[in-house]
>>> print(open('target.cif').read())   # mmCIF, C-alpha atoms (C1' of nucleotides)
data_start
loop_
_atom_site.label_atom_id
_atom_site.label_comp_id
_atom_site.auth_asym_id
_atom_site.auth_seq_id
_atom_site.Cartn_x
_atom_site.Cartn_y
_atom_site.Cartn_z
CA MET L 1 -83.14 -42.82 -34.27
CA LEU L 2 -79.90 -44.06 -32.64
CA ASP L 3 -76.74 -42.01 -33.03
CA SER L 4 -73.16 -43.20 -32.64
CA THR L 5 -73.18 -42.22 -28.95
CA ASP L 6 -76.14 -44.52 -28.31
CA LEU L 7 -74.36 -47.36 -30.10
CA LYS L 8 -71.23 -46.79 -27.99
CA ILE L 9 -73.37 -46.84 -24.86
CA LEU L 10 -75.00 -50.14 -25.89
CA ASP L 11 -71.59 -51.58 -26.72
CA GLN L 12 -70.14 -50.52 -23.38
CA LEU L 13 -73.12 -51.79 -21.35
CA SER L 14 -72.96 -55.10 -23.23
CA LYS L 15 -69.38 -55.47 -22.03
CA ASN L 16 -70.10 -54.29 -18.48
CA SER L 17 -73.60 -53.42 -17.42
CA ARG L 18 -72.46 -52.48 -13.90
CA ILE L 19 -70.30 -49.59 -15.08
CA THR L 20 -71.16 -46.32 -13.29
CA MET L 21 -72.98 -43.66 -15.28
CA LYS L 22 -70.02 -41.38 -14.60
CA GLU L 23 -67.59 -43.82 -16.25
CA LEU L 24 -70.03 -44.43 -19.09
CA GLY L 25 -70.27 -40.66 -19.54
CA ASP L 26 -66.48 -40.30 -19.64
CA TYR L 27 -66.37 -42.97 -22.33
CA VAL L 28 -68.77 -41.10 -24.64
CA HIS L 29 -67.66 -37.58 -23.62
CA LEU L 30 -70.78 -36.67 -21.68
CA THR L 31 -71.52 -36.03 -18.03
CA GLY L 32 -72.79 -38.95 -15.98
CA GLN L 33 -76.21 -37.30 -15.86
CA ALA L 34 -76.42 -37.00 -19.65
CA ALA L 35 -75.30 -40.62 -20.10
CA ALA L 36 -77.89 -41.77 -17.55
CA ALA L 37 -80.60 -39.84 -19.40
CA ARG L 38 -79.66 -41.57 -22.66
CA VAL L 39 -79.77 -44.96 -20.95
CA VAL L 40 -83.26 -44.23 -19.57
CA LYS L 41 -84.35 -43.30 -23.08
CA LEU L 42 -82.95 -46.56 -24.50
CA GLU L 43 -84.89 -48.44 -21.81
CA ASP L 44 -88.11 -46.52 -22.59
CA GLN L 45 -87.68 -47.28 -26.29
CA GLY L 46 -87.45 -50.96 -25.41
CA ILE L 47 -84.00 -51.26 -26.95
CA ILE L 48 -82.43 -52.15 -23.61
CA GLU L 49 -84.67 -54.97 -22.41
CA GLY L 50 -82.83 -55.72 -19.20
CA TYR L 51 -79.62 -56.03 -17.22
CA THR L 52 -78.25 -59.48 -16.49
CA ILE L 53 -75.18 -61.58 -15.72
CA ASN L 54 -73.32 -64.32 -17.54
CA VAL L 55 -73.07 -67.38 -15.30
CA ASN L 56 -70.55 -70.15 -15.96
CA GLN L 57 -72.92 -73.06 -16.47
CA VAL L 58 -70.19 -75.69 -16.22
CA LYS L 59 -69.24 -74.38 -12.76
CA MET L 60 -72.93 -74.52 -11.86
CA GLY L 61 -72.85 -78.24 -12.65
CA TYR L 62 -74.43 -78.17 -16.12
CA LEU L 63 -71.85 -80.17 -18.04
CA VAL L 64 -73.95 -81.17 -21.05
CA HIS L 65 -75.28 -78.58 -23.49
CA ALA L 66 -77.54 -79.91 -26.22
CA PHE L 67 -79.65 -78.78 -29.17
CA ILE L 68 -82.54 -81.07 -29.94
CA THR L 69 -84.45 -80.79 -33.21
CA ILE L 70 -88.08 -81.70 -32.50
CA PHE L 71 -90.53 -83.46 -34.81
CA THR L 72 -93.89 -83.58 -33.02
CA LYS L 73 -95.78 -86.84 -33.36
CA ASN L 74 -99.08 -85.33 -34.37
CA THR L 75 -100.33 -82.01 -35.69
CA ASN L 76 -101.38 -80.86 -32.22
CA HIS L 77 -98.22 -79.44 -30.63
CA GLN L 78 -99.84 -78.80 -27.25
CA PRO L 79 -98.75 -82.02 -25.49
CA TYR L 80 -95.14 -81.33 -26.45
CA LEU L 81 -95.38 -77.66 -25.42
CA GLU L 82 -96.87 -78.65 -22.05
CA PHE L 83 -94.03 -81.09 -21.54
CA VAL L 84 -91.45 -78.38 -22.28
CA LYS L 85 -93.18 -75.99 -19.87
CA GLY L 86 -92.71 -78.54 -17.10
CA GLU L 87 -88.99 -79.01 -17.79
CA LYS L 88 -87.76 -75.47 -17.04
CA GLU L 89 -84.89 -76.91 -15.02
CA TRP L 90 -83.23 -78.14 -18.22
CA VAL L 91 -84.67 -76.05 -21.04
CA ILE L 92 -82.89 -72.84 -22.06
CA ASN L 93 -84.84 -72.00 -25.23
CA ASN L 94 -87.54 -73.59 -27.33
CA TYR L 95 -87.38 -71.97 -30.77
CA LYS L 96 -90.27 -72.52 -33.14
CA ILE L 97 -88.61 -72.96 -36.51
CA SER L 98 -89.29 -73.41 -40.18
CA GLY L 99 -87.00 -75.81 -42.00
CA ASN L 100 -86.02 -79.21 -40.67
CA GLY L 101 -88.29 -79.99 -37.69
CA CYS L 102 -90.92 -78.01 -35.78
CA TYR L 103 -88.84 -76.74 -32.87
CA LEU L 104 -85.21 -76.39 -31.89
CA LEU L 105 -84.89 -77.09 -28.19
CA GLU L 106 -81.79 -75.81 -26.38
CA CYS L 107 -81.13 -77.62 -23.11
CA GLN L 108 -78.50 -78.23 -20.47
CA PHE L 109 -78.02 -81.16 -18.12
CA PRO L 110 -75.65 -82.14 -15.32
CA SER L 111 -74.91 -85.51 -16.94
CA HIS L 112 -75.66 -87.78 -19.87
CA GLU L 113 -77.83 -89.83 -17.52
CA ARG L 114 -80.09 -86.84 -16.92
CA LEU L 115 -80.12 -86.12 -20.66
CA ASP L 116 -81.18 -89.71 -21.28
CA ASP L 117 -83.99 -89.44 -18.71
CA PHE L 118 -85.15 -86.32 -20.50
CA LEU L 119 -85.06 -87.94 -23.94
CA VAL L 120 -87.10 -90.91 -22.73
CA GLU L 121 -89.82 -88.55 -21.48
CA LEU L 122 -89.58 -86.35 -24.57
CA ASN L 123 -90.04 -89.35 -26.85
CA GLN L 124 -93.60 -89.76 -25.58
CA TRP L 125 -94.52 -86.54 -27.37
CA ALA L 126 -92.03 -86.08 -30.17
CA ASN L 127 -89.35 -87.61 -32.30
CA TYR L 128 -86.04 -85.85 -32.16
CA GLN L 129 -82.54 -85.44 -33.49
CA LEU L 130 -79.84 -84.78 -30.92
CA SER L 131 -76.80 -82.49 -31.25
CA ILE L 132 -74.46 -82.21 -28.29
CA VAL L 133 -72.26 -79.13 -28.03
CA ILE L 134 -68.56 -80.02 -27.95
CA HIS L 135 -67.26 -76.48 -27.79
CA PRO L 136 -69.20 -73.22 -27.60
CA HIS L 137 -66.90 -70.81 -29.48
CA LYS L 138 -68.82 -67.58 -28.77
CA VAL L 139 -68.27 -64.89 -31.40
CA MET A 1 -69.61 -74.55 -2.19
CA LEU A 2 -72.59 -72.29 -2.96
CA ASP A 3 -75.23 -71.78 -0.29
CA SER A 4 -78.81 -70.65 -0.77
CA THR A 5 -77.82 -67.00 -0.27
CA ASP A 6 -75.38 -67.25 -3.19
CA LEU A 7 -78.10 -68.79 -5.35
CA LYS A 8 -80.50 -65.98 -4.43
CA ILE A 9 -77.82 -63.44 -5.32
CA LEU A 10 -77.24 -65.08 -8.72
CA ASP A 11 -80.97 -65.21 -9.32
CA GLN A 12 -81.43 -61.56 -8.42
CA LEU A 13 -78.47 -60.38 -10.51
CA SER A 14 -79.76 -62.44 -13.45
CA LYS A 15 -83.01 -60.48 -13.24
CA ASN A 16 -81.34 -57.11 -12.70
CA SER A 17 -77.57 -56.79 -12.70
CA ARG A 18 -77.73 -53.04 -12.02
CA ILE A 19 -79.35 -53.47 -8.61
CA THR A 20 -77.44 -51.66 -5.84
CA MET A 21 -75.49 -53.80 -3.37
CA LYS A 22 -77.68 -52.28 -0.65
CA GLU A 23 -80.87 -53.52 -2.31
CA LEU A 24 -79.26 -56.88 -3.02
CA GLY A 25 -78.26 -57.06 0.63
CA ASP A 26 -81.80 -56.25 1.79
CA TYR A 27 -83.07 -59.04 -0.44
CA VAL A 28 -80.85 -61.68 1.19
CA HIS A 29 -80.91 -60.16 4.70
CA LEU A 30 -77.32 -58.93 4.69
CA THR A 31 -75.71 -55.50 4.70
CA GLY A 32 -74.75 -54.04 1.32
CA GLN A 33 -71.11 -54.60 2.25
CA ALA A 34 -71.61 -58.30 2.96
CA ALA A 35 -73.59 -58.76 -0.26
CA ALA A 36 -70.87 -56.97 -2.26
CA ALA A 37 -68.23 -59.24 -0.70
CA ARG A 38 -70.20 -62.31 -1.77
CA VAL A 39 -70.50 -60.96 -5.30
CA VAL A 40 -66.73 -60.37 -5.48
CA LYS A 41 -66.21 -63.95 -4.35
CA LEU A 42 -68.57 -65.26 -7.05
CA GLU A 43 -66.60 -63.25 -9.61
CA ASP A 44 -63.26 -64.59 -8.31
CA GLN A 45 -64.60 -68.14 -8.49
CA GLY A 46 -65.47 -67.52 -12.13
CA ILE A 47 -69.14 -68.25 -11.51
CA ILE A 48 -70.16 -64.72 -12.48
CA GLU A 49 -68.41 -64.30 -15.84
CA GLY A 50 -69.69 -60.82 -16.60
CA TYR A 51 -72.41 -58.20 -16.50
CA THR A 52 -74.34 -57.48 -19.66
CA ILE A 53 -77.58 -56.19 -21.17
CA ASN A 54 -80.34 -57.75 -23.22
CA VAL A 55 -80.83 -55.77 -26.41
CA ASN A 56 -83.99 -56.06 -28.51
CA GLN A 57 -82.46 -57.34 -31.75
CA VAL A 58 -85.61 -56.70 -33.80
CA LYS A 59 -85.54 -53.02 -32.77
CA MET A 60 -81.86 -52.98 -33.77
CA GLY A 61 -82.91 -54.04 -37.26
CA TYR A 62 -82.07 -57.75 -37.06
CA LEU A 63 -85.36 -59.21 -38.25
CA VAL A 64 -84.17 -62.69 -39.27
CA HIS A 65 -82.82 -65.16 -36.69
CA ALA A 66 -81.48 -68.42 -38.09
CA PHE A 67 -79.79 -71.65 -37.04
CA ILE A 68 -77.67 -73.22 -39.75
CA THR A 69 -76.44 -76.79 -39.45
CA ILE A 70 -73.03 -76.97 -41.13
CA PHE A 71 -71.53 -79.89 -43.04
CA THR A 72 -67.98 -78.88 -44.04
CA LYS A 73 -66.95 -79.89 -47.53
CA ASN A 74 -63.65 -81.48 -46.58
CA THR A 75 -62.01 -82.77 -43.43
CA ASN A 76 -60.07 -79.54 -42.95
CA HIS A 77 -62.46 -77.19 -41.15
CA GLN A 78 -60.09 -74.22 -41.26
CA PRO A 79 -61.50 -72.53 -44.39
CA TYR A 80 -65.00 -72.62 -42.89
CA LEU A 81 -63.77 -71.36 -39.51
CA GLU A 82 -61.90 -68.49 -41.18
CA PHE A 83 -65.05 -67.57 -43.07
CA VAL A 84 -67.06 -67.50 -39.83
CA LYS A 85 -64.42 -65.34 -38.15
CA GLY A 86 -64.88 -62.75 -40.88
CA GLU A 87 -68.67 -62.66 -40.52
CA LYS A 88 -68.94 -61.38 -36.95
CA GLU A 89 -71.58 -58.89 -38.04
CA TRP A 90 -74.08 -61.75 -38.51
CA VAL A 91 -72.79 -64.64 -36.40
CA ILE A 92 -74.00 -64.97 -32.81
CA ASN A 93 -72.57 -68.41 -31.96
CA ASN A 94 -70.76 -71.18 -33.77
CA TYR A 95 -71.23 -74.37 -31.75
CA LYS A 96 -69.04 -77.35 -32.56
CA ILE A 97 -71.40 -80.31 -32.22
CA SER A 98 -71.58 -84.06 -32.36
CA GLY A 99 -74.65 -85.50 -34.01
CA ASN A 100 -76.06 -84.27 -37.29
CA GLY A 101 -73.48 -81.94 -38.85
CA CYS A 102 -70.15 -80.50 -37.70
CA TYR A 103 -71.27 -77.10 -36.40
CA LEU A 104 -74.48 -75.32 -35.48
CA LEU A 105 -74.21 -71.71 -36.55
CA GLU A 106 -76.54 -69.18 -34.93
CA CYS A 107 -76.93 -65.98 -36.97
CA GLN A 108 -79.06 -62.90 -37.38
CA PHE A 109 -79.69 -60.74 -40.43
CA PRO A 110 -81.62 -57.58 -41.25
CA SER A 111 -83.38 -59.28 -44.19
CA HIS A 112 -83.74 -62.48 -46.17
CA GLU A 113 -81.65 -60.82 -48.88
CA ARG A 114 -78.72 -60.50 -46.49
CA LEU A 115 -79.26 -64.07 -45.33
CA ASP A 116 -79.17 -65.20 -48.95
CA ASP A 117 -75.92 -63.28 -49.58
CA PHE A 118 -74.47 -65.04 -46.53
CA LEU A 119 -75.59 -68.50 -47.66
CA VAL A 120 -74.05 -68.00 -51.10
CA GLU A 121 -70.70 -67.18 -49.50
CA LEU A 122 -71.06 -69.96 -46.94
CA ASN A 123 -71.72 -72.51 -49.65
CA GLN A 124 -68.14 -72.09 -50.90
CA TRP A 125 -66.91 -73.80 -47.72
CA ALA A 126 -69.75 -75.92 -46.45
CA ASN A 127 -73.06 -77.53 -47.16
CA TYR A 128 -75.81 -76.51 -44.81
CA GLN A 129 -79.34 -77.02 -43.56
CA LEU A 130 -81.28 -73.87 -42.70
CA SER A 131 -83.73 -73.34 -39.82
CA ILE A 132 -85.33 -69.93 -39.47
CA VAL A 133 -86.70 -68.95 -36.06
CA ILE A 134 -90.42 -68.15 -36.21
CA HIS A 135 -90.87 -67.45 -32.53
CA PRO A 136 -88.24 -67.40 -29.77
CA HIS A 137 -90.27 -68.54 -26.73
CA LYS A 138 -87.58 -68.02 -24.08
CA VAL A 139 -88.05 -70.23 -21.03
"C1'" DT Z 1 -89.48 -14.02 -35.27
"C1'" DT Z 2 -91.06 -16.12 -31.51
"C1'" DA Z 3 -92.26 -20.25 -28.94
"C1'" DA Z 4 -91.45 -24.92 -27.79
"C1'" DA Z 5 -88.69 -28.83 -27.49
"C1'" DT Z 6 -84.38 -31.20 -27.05
"C1'" DC Z 7 -80.08 -32.07 -25.12
"C1'" DC Z 8 -76.77 -30.86 -22.45
"C1'" DT Z 9 -74.17 -28.83 -18.05
"C1'" DT Z 10 -73.80 -27.22 -13.35
"C1'" DT Z 11 -74.99 -27.45 -8.60
"C1'" DC Z 12 -76.17 -29.72 -4.47
"C1'" DA Z 13 -78.56 -32.80 -1.27
"C1'" DT Z 14 -79.08 -37.64 -0.79
"C1'" DT Z 15 -77.61 -42.23 -1.34
"C1'" DC Z 16 -74.31 -45.72 -2.30
"C1'" DT Z 17 -69.76 -47.61 -2.15
"C1'" DT Z 18 -65.37 -48.72 -0.32
"C1'" DA Z 19 -62.02 -49.41 3.21
"C1'" DA Z 20 -60.86 -50.22 7.90
"C1'" DA Z 21 -61.66 -51.84 12.41
"C1'" DG Z 22 -63.99 -54.85 15.33
"C1'" DT Z 23 -66.89 -59.14 16.65
"C1'" DA Z 24 -68.50 -63.77 16.77
"C1'" DA Z 25 -68.55 -68.34 15.24
"C1'" DA Z 26 -66.40 -72.12 12.96
"C1'" DA Z 27 -62.30 -74.64 11.51
"C1'" DA Z 28 -57.57 -76.06 12.07
"C1'" DC Z 29 -54.13 -77.46 14.95
"C1'" DA Z 30 -51.11 -78.58 18.88
"C1'" DT H 1 -58.87 -79.84 25.33
"C1'" DG H 2 -57.47 -75.19 24.67
"C1'" DT H 3 -55.39 -71.96 21.39
"C1'" DT H 4 -54.86 -69.89 17.02
"C1'" DT H 5 -56.46 -68.90 12.54
"C1'" DT H 6 -59.90 -68.24 9.26
"C1'" DT H 7 -64.27 -66.90 7.69
"C1'" DA H 8 -68.27 -64.14 7.48
"C1'" DC H 9 -70.39 -60.62 9.09
"C1'" DT H 10 -71.41 -55.64 11.18
"C1'" DT H 11 -70.41 -50.89 12.20
"C1'" DT H 12 -68.39 -46.59 11.13
"C1'" DA H 13 -66.96 -42.95 8.25
"C1'" DA H 14 -64.86 -40.80 4.25
"C1'" DG H 15 -65.28 -40.50 -0.59
"C1'" DA H 16 -67.84 -41.14 -4.89
"C1'" DA H 17 -71.99 -41.55 -7.56
"C1'" DT H 18 -76.75 -40.55 -8.22
"C1'" DG H 19 -80.90 -37.93 -8.99
"C1'" DA H 20 -83.43 -33.66 -8.99
"C1'" DA H 21 -83.67 -28.91 -10.22
"C1'" DA H 22 -82.26 -24.87 -12.61
"C1'" DG H 23 -80.33 -22.89 -16.53
"C1'" DG H 24 -78.09 -22.44 -21.24
"C1'" DA H 25 -77.51 -23.46 -26.13
"C1'" DT H 26 -79.24 -25.35 -30.27
"C1'" DT H 27 -82.77 -27.20 -33.18
"C1'" DT H 28 -87.58 -27.64 -34.62
"C1'" DA H 29 -92.17 -25.83 -35.30
"C1'" DA H 30 -95.51 -22.26 -35.81
#
>>> encode(input="target.cif", output="structure tokens")
Amino acid sequence: MLDSTDLKILDQLSKNSRITMKELGDYVHLTGQAAAARVVKLEDQGIIEGYTINVNQVKMGYLVHAFITIFTKNTNHQPYLEFVKGEKEWVINNYKISGNGCYLLECQFPSHERLDDFLVELNQWANYQLSIVIHPHKV
Amino acid sequence: MLDSTDLKILDQLSKNSRITMKELGDYVHLTGQAAAARVVKLEDQGIIEGYTINVNQVKMGYLVHAFITIFTKNTNHQPYLEFVKGEKEWVINNYKISGNGCYLLECQFPSHERLDDFLVELNQWANYQLSIVIHPHKV
DNA sequence: TTAAATCCTTTCATTCTTAAAGTAAAAACA
DNA sequence: TGTTTTTACTTTAAGAATGAAAGGATTTAA
């Protein structure tokens, strides 16, 4: 399905999605047009889902990054899920999980005060276990 | 520091980082040249850290997404950290955390068999608590 | 063996980018 | 207060990249 050229293209676009198709072509020994055609195919296959940027969240004022393990208070998760839906400003991901807890909620906040405000609200709908990220260490 | 035009630019690039500077300029009522200059400034400020793609990990064969809370076996974390460094194929992020556990390890695997292989190795250096993602629900 | 499909290149018109010069408004300074 | 500097933008124009079309080579299917 995917050959080594496709994998190189994905690798290169992961590192710099604004590269020109000509440069991308040079990298995989194809013309820009051929590289562009492969990229369109990867998009059509749904392998490339989108093009985005990495933003420095600390410089954007989000100093606190937290993972919160959620234990909903009753079997109906809807109140919790509605709460999360209304907190898009802070919530990065809400993973439904099996294991310890029902959800793993990834959030970011400008301060511990804001985190505390959030936890007070959250506690209406769920119990939780808080983990604050000290250092990201991306791999 | 950042005005509303900068925020619109970041928002637009987050949605599609391959947009032309001309289109981006149209969106914020500037010429392509002025928009490009703003983008360069955002890069220089370190607010835009990079341009990347979203890849469908399931279509790439990574069917299992897991968060593993790590409790290192002794106070020296180095053996665990060395292990993680050698497992780049599976590890997405290794967050150092305060709270429950020492690290939160985000991983992906093609199968539960591969996950099991990983856990057996991991268990040489750390105890762990496993959470498998059932549904991502990005916000 | 022929027909169709796939994947690539070449060509060329169109569009985008980049650099330079110029303008206007705001900020810094005497 | 008046002058200079800086900042942010536009316009212009050359150079580079893109996208569409035509064509060739190789593989797949009939």
>>> closest_atom_pairs(input="target.cif", of="region 30-123 of chain L", to="region 9-19 of chain Z", cutoff="10 Å", atoms="all atoms listed in the file", output="CSV")
residue,atom,partner,partner_atom,distance
L:Leu30,CA,Z:DT9,C1',9.3
L:Thr31,CA,Z:DT9,C1',7.7
L:Gln33,CA,Z:DT9,C1',9.0
L:Ala34,CA,Z:DT9,C1',8.6
>>> write_last_selection(input="target.cif", atoms="C-alpha atoms", output="tab-separated table (two decimals), in the frame of the given file")
chain	number	residue	atom	x	y	z
L	30	LEU	CA	-70.78	-36.67	-21.68
L	31	THR	CA	-71.52	-36.03	-18.03
L	33	GLN	CA	-76.21	-37.30	-15.86
L	34	ALA	CA	-76.42	-37.00	-19.65
>>> residues_near_point(input="target.cif", point="(-64.7, -40.6, -5.6)", cutoff="12 Å", atoms="only C-alpha atoms (C1' of nucleotides)", output="list in words")
Thr20, Lys22 and Glu23 of chain L; DC16, DT17 and DT18 of chain Z; DA14, DG15, DA16 and DA17 of chain H
>>> resolve_selection(input="target.cif", expression="the PyMOL selection byres ((chain H and resi 24) around 10)", output="VMD selection string")
(chain Z and resid 8 to 9) or (chain H and resid 22 to 23 25 to 26)
>>> interface_residues(input="target.cif", of="chain A", to="chain L", cutoff="8 Å", atoms="all atoms listed in the file", output="PyMOL selection string")
chain A and resi 13-18+46-57+59-60+85+88+91-100+129-139
>>> write_last_selection(input="target.cif", atoms="C-alpha atoms", output="compact mmCIF listing (two decimals), in the coordinates of the input")
# COMPACT_ATOMS: atom_id res chain seq x y z
CA LEU A 13 -78.47 -60.38 -10.51
CA SER A 14 -79.76 -62.44 -13.45
CA LYS A 15 -83.01 -60.48 -13.24
CA ASN A 16 -81.34 -57.11 -12.70
CA SER A 17 -77.57 -56.79 -12.70
CA ARG A 18 -77.73 -53.04 -12.02
CA GLY A 46 -65.47 -67.52 -12.13
CA ILE A 47 -69.14 -68.25 -11.51
CA ILE A 48 -70.16 -64.72 -12.48
CA GLU A 49 -68.41 -64.30 -15.84
CA GLY A 50 -69.69 -60.82 -16.60
CA TYR A 51 -72.41 -58.20 -16.50
CA THR A 52 -74.34 -57.48 -19.66
CA ILE A 53 -77.58 -56.19 -21.17
CA ASN A 54 -80.34 -57.75 -23.22
CA VAL A 55 -80.83 -55.77 -26.41
CA ASN A 56 -83.99 -56.06 -28.51
CA GLN A 57 -82.46 -57.34 -31.75
CA LYS A 59 -85.54 -53.02 -32.77
CA MET A 60 -81.86 -52.98 -33.77
CA LYS A 85 -64.42 -65.34 -38.15
CA LYS A 88 -68.94 -61.38 -36.95
CA VAL A 91 -72.79 -64.64 -36.40
CA ILE A 92 -74.00 -64.97 -32.81
CA ASN A 93 -72.57 -68.41 -31.96
CA ASN A 94 -70.76 -71.18 -33.77
CA TYR A 95 -71.23 -74.37 -31.75
CA LYS A 96 -69.04 -77.35 -32.56
CA ILE A 97 -71.40 -80.31 -32.22
CA SER A 98 -71.58 -84.06 -32.36
CA GLY A 99 -74.65 -85.50 -34.01
CA ASN A 100 -76.06 -84.27 -37.29
CA GLN A 129 -79.34 -77.02 -43.56
CA LEU A 130 -81.28 -73.87 -42.70
CA SER A 131 -83.73 -73.34 -39.82
CA ILE A 132 -85.33 -69.93 -39.47
CA VAL A 133 -86.70 -68.95 -36.06
CA ILE A 134 -90.42 -68.15 -36.21
CA HIS A 135 -90.87 -67.45 -32.53
CA PRO A 136 -88.24 -67.40 -29.77
CA HIS A 137 -90.27 -68.54 -26.73
CA LYS A 138 -87.58 -68.02 -24.08
CA VAL A 139 -88.05 -70.23 -21.03
>>> residues_around(input="target.cif", residues="DA4 (chain Z)", least_positions_apart="4", cutoff="10 Å", atoms="only C-alpha atoms (C1' of nucleotides)", output="list in words")
DT28, DA29 and DA30 of chain H
>>> interface_residues(input="target.cif", of="chain H", to="chain A", cutoff="9 Å", atoms="only C-alpha atoms (C1' of nucleotides)", output="PDB file with C-alpha atoms (C1' of nucleotides), in the frame of the given file")
ATOM      1  C1'  DA H   8     -68.270 -64.140   7.480  1.00  0.00           C
ATOM      2  C1'  DC H   9     -70.390 -60.620   9.090  1.00  0.00           C
ATOM      3  C1'  DT H  10     -71.410 -55.640  11.180  1.00  0.00           C
TER       4       DT H  10
END
>>> atom_distance(input="target.cif", atom1="CA of Ala36 (chain A)", atom2="CA of Tyr62 (chain L)")
25.6 Å
>>> resolve_selection(input="target.cif", expression="the PyMOL selection byres ((chain L and resi 109) around 6)", output="list of chain:residue names")
L:Tyr62, L:Val64, L:Gln108, L:Pro110, L:Ser111, L:Leu115
>>> write_last_selection(input="target.cif", atoms="C-alpha atoms", output="mmCIF file, in the frame of the given file")
data_model
loop_
_atom_site.group_PDB
_atom_site.id
_atom_site.type_symbol
_atom_site.label_atom_id
_atom_site.label_comp_id
_atom_site.auth_asym_id
_atom_site.auth_seq_id
_atom_site.Cartn_x
_atom_site.Cartn_y
_atom_site.Cartn_z
ATOM 1 C CA TYR L 62 -74.430 -78.170 -16.120
ATOM 2 C CA VAL L 64 -73.950 -81.170 -21.050
ATOM 3 C CA GLN L 108 -78.500 -78.230 -20.470
ATOM 4 C CA PRO L 110 -75.650 -82.140 -15.320
ATOM 5 C CA SER L 111 -74.910 -85.510 -16.940
ATOM 6 C CA LEU L 115 -80.120 -86.120 -20.660
#
>>> atom_distance(input="target.cif", atom1="CA of Tyr80 (chain L)", atom2="CA of Asn123 (chain L)")
9.5 Å
>>> closest_residue(input="target.cif", among="A:Gly61, A:Pro79, A:Gly25, A:Gly32", to="chain Z", atoms="all atoms listed in the file")
A:Gly32
>>> residues_around(input="target.cif", residues="Phe83 (chain A)", least_positions_apart="5", cutoff="10 Å", atoms="only C-alpha atoms (C1' of nucleotides)", output="PyMOL selection string")
chain A and resi 78+88+121-122+124-125
>>> write_last_selection(input="target.cif", atoms="C-alpha atoms", output="tab-separated table (two decimals), in the frame of the given file")
chain	number	residue	atom	x	y	z
A	78	GLN	CA	-60.09	-74.22	-41.26
A	88	LYS	CA	-68.94	-61.38	-36.95
A	121	GLU	CA	-70.70	-67.18	-49.50
A	122	LEU	CA	-71.06	-69.96	-46.94
A	124	GLN	CA	-68.14	-72.09	-50.90
A	125	TRP	CA	-66.91	-73.80	-47.72
